Amino acid sequence: MRHTLTIDDRTLSYLDFGGPGRPLLALHGGLSEGMAFAGLAEALGDEWRVIAPDQRGHGSSDRAADYTRAGYVADAVALLDHLGLDAPVAVLGYSLGGLNAVHLAAAHSDRVGALIDVDSAVEISPAGHEWMAFLHTMRYTAPTREELLDAAGPVGAQFVEPALRPLPDGQGWRLPFHPQDMLNSVESCRGDHWDAWLGSTCPALLVHGTRSAALPQAQADAMVARRPGTAYAPLDGDHFLPFTHPEEFHKAVGAFLAAL
């Protein structure tokens, strides 16, 4: 079921896949939305209740004034409060969502009982997101779906097409994100996030695409070695594991959660 809550006059939309299981807060990657975890929710079955927000500026959630870690984390805490989830929950984050999950666990250790980082690095250099340069030429709205997809670069068919939204007046379509917001979000990710990664002590899992350009093997090895209680699930794929290797991704996450 899709629900909303209001944070500072801004709507945050989220999907609650329901069920009697323990709660799992799932934070999607950039240029994506909560619906990306529908397959995971189905794979986990009744054991876990997946709650997947459209993070600020994504999907059906309103645009925000900033895209800092503090802003993303504050939204996640507001959602947990809204749902009455005071006890620690498991948190999964992919890419951008992984970085947000890492900072959530560090800043609010009393709210996070387990952490799953899916191919999110903790050292992000200025060159780390060069492949997203196509955002500079993307259009936010257009009369037809085809015009938007033509400018969507390497993520068009995989991320954008399933999530396009019709404009309220019915006279065209919009992206599920504003390109400038995504550029701002990318910029705010840059830097060293080791303190956040090492700032929590709950059980953790690093799911890593061994051919990922976003998370080099040496950095993944260091993340596992330096943080006690961190399991490692290498998958033979690139950065887009939840989309390109869903069965392996679901299996790795399910096995970790089953052991909690």
# chains A, B, ... in the order shown; residues from 1 in each chain; ligands from 1
>>> closest_atom_pairs(of="segment 171-215 of chain A", to="segment 76-94 of chain A", cutoff="12 Å", atoms="only C-alpha atoms", output="JSON lines")
{"residue": "A:Cys202", "atom": "CA", "partner": "A:Ala90", "partner_atom": "CA", "distance": 9.5}
{"residue": "A:Pro203", "atom": "CA", "partner": "A:Ala90", "partner_atom": "CA", "distance": 9.5}
{"residue": "A:Ala204", "atom": "CA", "partner": "A:Ala90", "partner_atom": "CA", "distance": 9.5}
{"residue": "A:Leu205", "atom": "CA", "partner": "A:Leu92", "partner_atom": "CA", "distance": 9.2}
{"residue": "A:Leu206", "atom": "CA", "partner": "A:Leu92", "partner_atom": "CA", "distance": 10.0}
{"residue": "A:Val207", "atom": "CA", "partner": "A:Tyr94", "partner_atom": "CA", "distance": 9.1}
{"residue": "A:His208", "atom": "CA", "partner": "A:Tyr94", "partner_atom": "CA", "distance": 10.3}
{"residue": "A:Gly209", "atom": "CA", "partner": "A:Tyr94", "partner_atom": "CA", "distance": 11.5}
{"residue": "A:Ala214", "atom": "CA", "partner": "A:Tyr94", "partner_atom": "CA", "distance": 11.5}
{"residue": "A:Leu215", "atom": "CA", "partner": "A:Tyr94", "partner_atom": "CA", "distance": 11.9}
>>> select_by_dssp(residues="segment 7-181 of chain A", states="alpha helix (DSSP H)", output="ChimeraX atom specification")
/A:38-44,69-83,96-107,145-150,179-181
>>> atom_distance(atom1="atom CA of Met138 of chain A", atom2="atom CA of Gln171 of chain A")
18.8 Å
>>> closest_atom_pairs(of="segment 24-71 of chain A", to="segment 4-13 of chain A", cutoff="6 Å", atoms="only C-alpha atoms", output="tab-separated table")
residue	atom	partner	partner_atom	distance
A:Pro53	CA	A:Ser13	CA	5.9
A:Asp54	CA	A:Ser13	CA	5.6
A:Ser60	CA	A:Ser13	CA	5.8
A:Ser61	CA	A:Leu12	CA	4.7
A:Asp62	CA	A:Thr11	CA	5.4
>>> write_last_selection(atoms="N, CA and C atoms", output="JSON list (two decimals), in the first residue's frame")
[["chain", "number", "residue", "atom", "x", "y", "z"],
["A", 53, "PRO", "N", 10.48, 3.89, 1.28],
["A", 53, "PRO", "CA", 10.09, 5.25, 0.90],
["A", 53, "PRO", "C", 10.63, 5.64, -0.47],
["A", 54, "ASP", "N", 9.91, 6.54, -1.14],
["A", 54, "ASP", "CA", 10.50, 7.29, -2.25],
["A", 54, "ASP", "C", 11.26, 8.42, -1.57],
["A", 60, "SER", "N", 7.34, 9.57, -6.09],
["A", 60, "SER", "CA", 6.15, 10.37, -5.80],
["A", 60, "SER", "C", 6.35, 11.33, -4.64],
["A", 61, "SER", "N", 7.57, 11.41, -4.11],
["A", 61, "SER", "CA", 7.85, 12.34, -3.03],
["A", 61, "SER", "C", 8.20, 13.72, -3.58],
["A", 62, "ASP", "N", 7.90, 14.74, -2.79],
["A", 62, "ASP", "CA", 8.17, 16.11, -3.22],
["A", 62, "ASP", "C", 9.67, 16.39, -3.28]]
>>> residues_around(residues="Ala196 of chain A", least_positions_apart="6", cutoff="9 Å", atoms="only C-alpha atoms", output="PDB file with C-alpha atoms, in the first residue's frame")
ATOM      1  CA  LEU A  99      25.179   5.762   2.072  1.00  0.00           C
ATOM      2  CA  VAL A 102      25.201   3.945   6.838  1.00  0.00           C
ATOM      3  CA  HIS A 103      24.752   7.467   8.186  1.00  0.00           C
ATOM      4  CA  LEU A 104      21.391   6.573   9.731  1.00  0.00           C
ATOM      5  CA  ALA A 105      22.985   3.678  11.625  1.00  0.00           C
ATOM      6  CA  ALA A 106      25.843   5.868  12.853  1.00  0.00           C
ATOM      7  CA  ALA A 107      23.723   8.832  13.916  1.00  0.00           C
ATOM      8  CA  VAL A 122      32.563   5.080   1.780  1.00  0.00           C
TER       9      VAL A 122
END
>>> select_by_dssp(residues="segment 69-212 of chain A", states="strand (DSSP E)", output="list in words")
Val89, Ala90, Val91, Leu92, Gly93, Tyr94, Val112, Gly113, Ala114, Leu115, Ile116, Asp117, Val118, Glu123, Ile124, Thr141, Ala142, Arg165, Pro166, Trp173, Arg174, Gly191, Asp192, Ala204, Leu205, Leu206, Val207, His208 and Gly209 of chain A
>>> residues_around(residues="segment 237-249 of chain A", least_positions_apart="2", cutoff="6 Å", atoms="only C-alpha atoms", output="MDAnalysis selection string")
chainID A and resid 209:212 235 251:252
>>> residues_around(residues="segment 179-189 of chain A", least_positions_apart="2", cutoff="6 Å", atoms="only C-alpha atoms", output="list in words")
Tyr67, Thr68 and Leu135 of chain A
>>> closest_residue(among="A:Ala36, A:Ala231, A:Ala121, A:Leu31", to="Gly153 of chain A", atoms="only C-alpha atoms")
A:Leu31
>>> residues_around(residues="Leu175 of chain A", least_positions_apart="3", cutoff="8 Å", atoms="only C-alpha atoms", output="ChimeraX atom specification")
/A:139-141,148,160,163-165,178
>>> write_last_selection(atoms="N, CA and C atoms", output="CSV table (one decimal), in the first residue's frame")
chain,number,residue,atom,x,y,z
A,139,ARG,N,15.9,16.3,-19.7
A,139,ARG,CA,14.7,17.2,-19.5
A,139,ARG,C,13.8,16.6,-18.4
A,140,TYR,N,13.2,17.5,-17.6
A,140,TYR,CA,12.4,17.0,-16.5
A,140,TYR,C,11.0,16.7,-17.0
A,141,THR,N,10.5,17.5,-18.0
A,141,THR,CA,9.2,17.2,-18.6
A,141,THR,C,9.3,17.2,-20.1
A,148,LEU,N,11.5,11.9,-23.3
A,148,LEU,CA,12.2,11.8,-22.0
A,148,LEU,C,13.2,10.7,-22.0
A,160,VAL,N,14.3,4.6,-15.7
A,160,VAL,CA,13.3,5.7,-15.9
A,160,VAL,C,12.0,5.3,-16.5
A,163,ALA,N,9.1,4.2,-14.4
A,163,ALA,CA,8.7,5.1,-13.3
A,163,ALA,C,8.2,6.5,-13.8
A,164,LEU,N,8.1,6.7,-15.1
A,164,LEU,CA,7.6,8.0,-15.6
A,164,LEU,C,6.3,8.3,-15.1
A,165,ARG,N,6.1,9.6,-14.8
A,165,ARG,CA,4.8,10.1,-14.2
A,165,ARG,C,4.1,11.0,-15.2
A,178,HIS,N,14.0,15.2,-10.5
A,178,HIS,CA,14.5,16.3,-11.3
A,178,HIS,C,16.0,16.2,-11.5
>>> atom_distance(atom1="atom CA of Asp66 of chain A", atom2="atom CA of Gln219 of chain A")
28.2 Å
>>> residues_around(residues="Trp194 of chain A", least_positions_apart="4", cutoff="9 Å", atoms="only C-alpha atoms", output="mmCIF file with N, CA and C atoms, in the first residue's frame")
data_model
loop_
_atom_site.group_PDB
_atom_site.id
_atom_site.type_symbol
_atom_site.label_atom_id
_atom_site.label_comp_id
_atom_site.auth_asym_id
_atom_site.auth_seq_id
_atom_site.Cartn_x
_atom_site.Cartn_y
_atom_site.Cartn_z
ATOM 1 N N VAL A 122 32.382 4.106 0.708
ATOM 2 C CA VAL A 122 32.563 5.080 1.780
ATOM 3 C C VAL A 122 33.659 6.084 1.440
ATOM 4 N N GLU A 123 34.304 5.891 0.310
ATOM 5 C CA GLU A 123 35.236 6.884 -0.226
ATOM 6 C C GLU A 123 34.744 7.228 -1.632
ATOM 7 N N LEU A 198 32.164 3.211 10.324
ATOM 8 C CA LEU A 198 32.697 2.634 11.552
ATOM 9 C C LEU A 198 31.952 3.108 12.789
ATOM 10 N N GLY A 199 30.928 3.936 12.593
ATOM 11 C CA GLY A 199 30.230 4.551 13.717
ATOM 12 C C GLY A 199 29.073 3.741 14.265
ATOM 13 N N MET A 223 36.429 -2.260 3.947
ATOM 14 C CA MET A 223 35.197 -2.025 4.700
ATOM 15 C C MET A 223 34.852 -3.221 5.573
#
>>> closest_residue(among="A:Leu24, A:Leu257, A:Met132, A:Leu167", to="Val112 of chain A", atoms="only C-alpha atoms")
A:Leu24
>>> closest_residue(among="A:Gly254, A:Gly18, A:Arg2, A:Gly113", to="Ser200 of chain A", atoms="only C-alpha atoms")
A:Gly113
>>> atom_distance(atom1="atom CA of Asp221 of chain A", atom2="atom CA of Ile51 of chain A")
29.5 Å
